[in-house]
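To start, the structure under review is shown below, and the notes come after it.
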Amino acid sequence: MQSSKRVRKSRPPASREAAYRIIIRYVNEVCIQIRKFAKHYLNRDAIDYSACAKCLKDLCEVWETEPSKFPTWKEFFEKHKIKATEDGLRKKDSYKDLLNICERAREYELMIPGVREMIVECARGHLYKYCQSFIEEAEELEIQPVLEYEEAINAYRTEMDAKINKINKSILEYGEIKKPFETFISEGNVHAKLMEETCVLLIEVSHTAKKWIAEDSAYPDKLLQDIFFNNSYKEKLEDDIEKLRQKIRSTDGSIERKRKTHATLAREHSNHKRQKHRAKQSLEVVILKIQKLERDIEAKNKEIQQLKDEIADKTPVSPRYRSDLRLNLEREYGCLDKLEENKQVMERQKIRLDREFKSVNDSTYEYKVEAVTNRHEQHEMRQKMLGMEIEIKSIYDRISSIDQKSAVLKKIRLLNLSPDTLRMMHKRRIKIQENEFTKRRKRKCQLEEACKFVSNYIGKDWKKLYERLPFIPPRDPDRKMKDLEVIDRISAHRDRTPEESALFSLEKWRSFNRQCELGQLIRGLRKLNKVDLAEKIESRYSVEDVYG
């Protein structure tokens with residue numbers, strides 16, 4: 001019932017604007033009180049604290065008392081109300097300053113606890129709870145405005161915590177120096193400076209809170225600007241994709257035209273290659289014929305020379321034989337002329353075939369070069385298309401990332417603007433607290449049961465176990481020995497068994513140890529070489545890695 005009442009009292013604001021109003025109300029109230037206090041007690045002429053101390057001594061002489069009789073300003077102020085003071089002292093500035101110091105201390109001590117409570121409630125009860133970046137919704141996405149605001153939140157929290165700690169330290173220092181009253185007056189500049197520093201810190205925390213609220217209220221607009229930027233960037237990327245697709249279509253058409261041209265060039269190259277082969281064969285035939293004619297001419301020349309030698313020989317022969325030799329010589333000359341004529345014809349034909357072969361060979365080479373160049377151009381175009389397709393895929397990945405970020409930004413912005421978010425955060429916080437409470441209660445019950453279980457088996461070794469158990473905060477060995485003596489004395493007085501004494505000692509351990517847990521008990525048993533008992537507890541309560 002108490003927890004439900006507490007939950008109802010800590011009900012979240014109806015909306016984020018309502019939370020802002022609450023924070024601003026706290027901050028304004030703090031600023032008003034601090035400024036009012038500073039106006040009356042800090043922003044005035046400097047006080048002569050040595051004169052005030054002398055005035056205090058004079059008053060004590062008049063009142064026939066010692067300054068040490070006044071621990072604080074309260075006792076002095078009460079005495080001042082009931083004791084008469086000479087008019088001469090009353091008219092002194094030091095007397096008025098002395099009373100002013102007392103009034104200043106009274107106002108400071110009345111104001112500061114409430115103001116500090118308001119600042120702490122403003123910071124830890126509202127700002128820390130409801131000014132959130134919702135970075136957990138971004139998961140692994142790096143969204144700049146969310147990261148920047150999360151960094152700003154951490155910076156604000158660090159700054160405010162540091163200043164609140166300084167305020168607490170200043171308040172504690174003031175509590176230490178306000179006694180005795182005589183020193184409080186003589187060293188008044190110390191506590192006056194401390195008051196001024198505390199007031200300045202409170203004002204600074206208030207301004208930080210206002211700055212944080214301003215940034216938190218601007219957070220949805222920053223998210224919206226980022227959403228608009230993402231949408232415009234996405235449109236630009238989609239335009240880039242369309243341009244790349246047009247280039248791909250144009251390149252694809254060029255490749256198709258190149259492919260057709262390549263087919264034509266390949267056909268022409270094949271035809272010219274065949275023509276080249278035929279021309280080469282014809283040329284080779286003509287060359288063979290010319291070589292044969294040259295051999296025939298050479299043979300004819302030899303025959304003609306033989307005939308000439310026979311005719312020129314002085315050996316007497318018949319006229320008929322000599323006439324036949326001359327006829328044969330004329331016949332051979334006629335054959336030689338025909339062979340020479342045929343050779344000239346073949347040489348002319350060879351010249352013509354050489355020209356034809358060269359022309360066909362050059363054309364074949366040109367077609368081959370053009371075909372290879374065309375094929376390389378097609379390959380380059382295909383590589384270019386592949387690069388454009390990879391770029392399109394990369395752009396699609398960027399668009400997908402932008403869509404994810406935009407969806408997260410919209411979700412975070414909706415969470416930031418929705419009044420239900422504060423209730424949801426409050427319920428989640430309550431649920432976490434309840435789960436933590438349930439876990440602690442379960443651990444406590446387990447530890448209680450384990451202590452009962454151990455007390456039934458530890459027997460007379462309960463003292464050794466108590467000495468080996470850890471304590472937080474640490475407990476001196478002398479204190480432990482005294483604890484054992486007290487437990488022994490009580491057990492003897494009440495006639496307890498060793499099992500009951502063991503249970504009583506474990507209860508004492510649980511009361512003295514602020515962070516007792518099952519693992520500590522298991523480690524203590526292992527130090528006592530009660531390994532079997534420790535393993536039984538581990539298996540019974542599913543405890544693992546007690547030394548982790």
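Chain labels follow the order of the structure tokens: the first chain is A, the next B, and so on; residue numbering restarts at 1 in every chain, and ligands are counted from 1 in their shown order.
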>> Would you pick out the contacts of Val30 in chain A at 8 Å or less, using only C-alpha atoms, so that residues sharing its chain but fewer than 5 positions from it are not included, and give the list as number ranges by chain?
In response: A: 115, 118-119, 202-203, 206
Atoms kept (N, CA, C and O atoms) for selection, written as a compact mmCIF listing (two decimals), in the first residue's frame:
```txt
# COMPACT_ATOMS: atom_id res chain seq x y z
N VAL A 115 15.69 25.92 -0.64
CA VAL A 115 16.17 26.24 -1.99
C VAL A 115 16.95 25.07 -2.57
O VAL A 115 16.78 24.68 -3.73
N MET A 118 14.62 22.38 -3.57
CA MET A 118 13.94 22.71 -4.83
C MET A 118 14.85 22.46 -6.02
O MET A 118 14.42 21.92 -7.05
N ILE A 119 16.12 22.86 -5.90
CA ILE A 119 17.07 22.67 -7.00
C ILE A 119 17.28 21.18 -7.26
O ILE A 119 17.30 20.73 -8.41
N LEU A 202 23.80 28.36 -6.82
CA LEU A 202 22.36 28.11 -6.99
C LEU A 202 21.82 28.85 -8.22
O LEU A 202 21.02 28.29 -8.99
N ILE A 203 22.27 30.09 -8.40
CA ILE A 203 21.84 30.86 -9.59
C ILE A 203 22.35 30.19 -10.86
O ILE A 203 21.64 30.08 -11.87
N SER A 206 20.36 27.22 -11.65
CA SER A 206 19.06 27.65 -12.19
C SER A 206 19.18 28.05 -13.66
O SER A 206 18.34 27.67 -14.49
```
> Neighbours of Lys480 in chain A within 12 Å (only C-alpha atoms; same-chain residues fewer than 3 positions away dropped), as a ChimeraX atom specification?
Replying inline: /A:463-471,474-477,483-487,505,508-509,512
>> Excluding Arg157 in chain A and its own-chain neighbours fewer than 5 positions away, which residues fall within 10 Å of it when counting only C-alpha atoms? Please give them as a PyMOL selection string.
In response: chain A and resi 123-124+127-128+151-152+162-163+208-209+212
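Counting only C-alpha atoms and comparing A:Tyr41, A:Tyr95, A:Tyr20, A:Phe181, the residue that lies closest to Asp216 in chain A is A:Tyr20.
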>> So that I can check the surroundings of range 272-288 of chain A, please list as number ranges by chain every protein, DNA and RNA residue that reaches within 10 Å of it, counting only C-alpha atoms and ignoring chain neighbours fewer than 5 positions away.
In response: A: 266-267, 293-294, 343, 345-365, 367-368
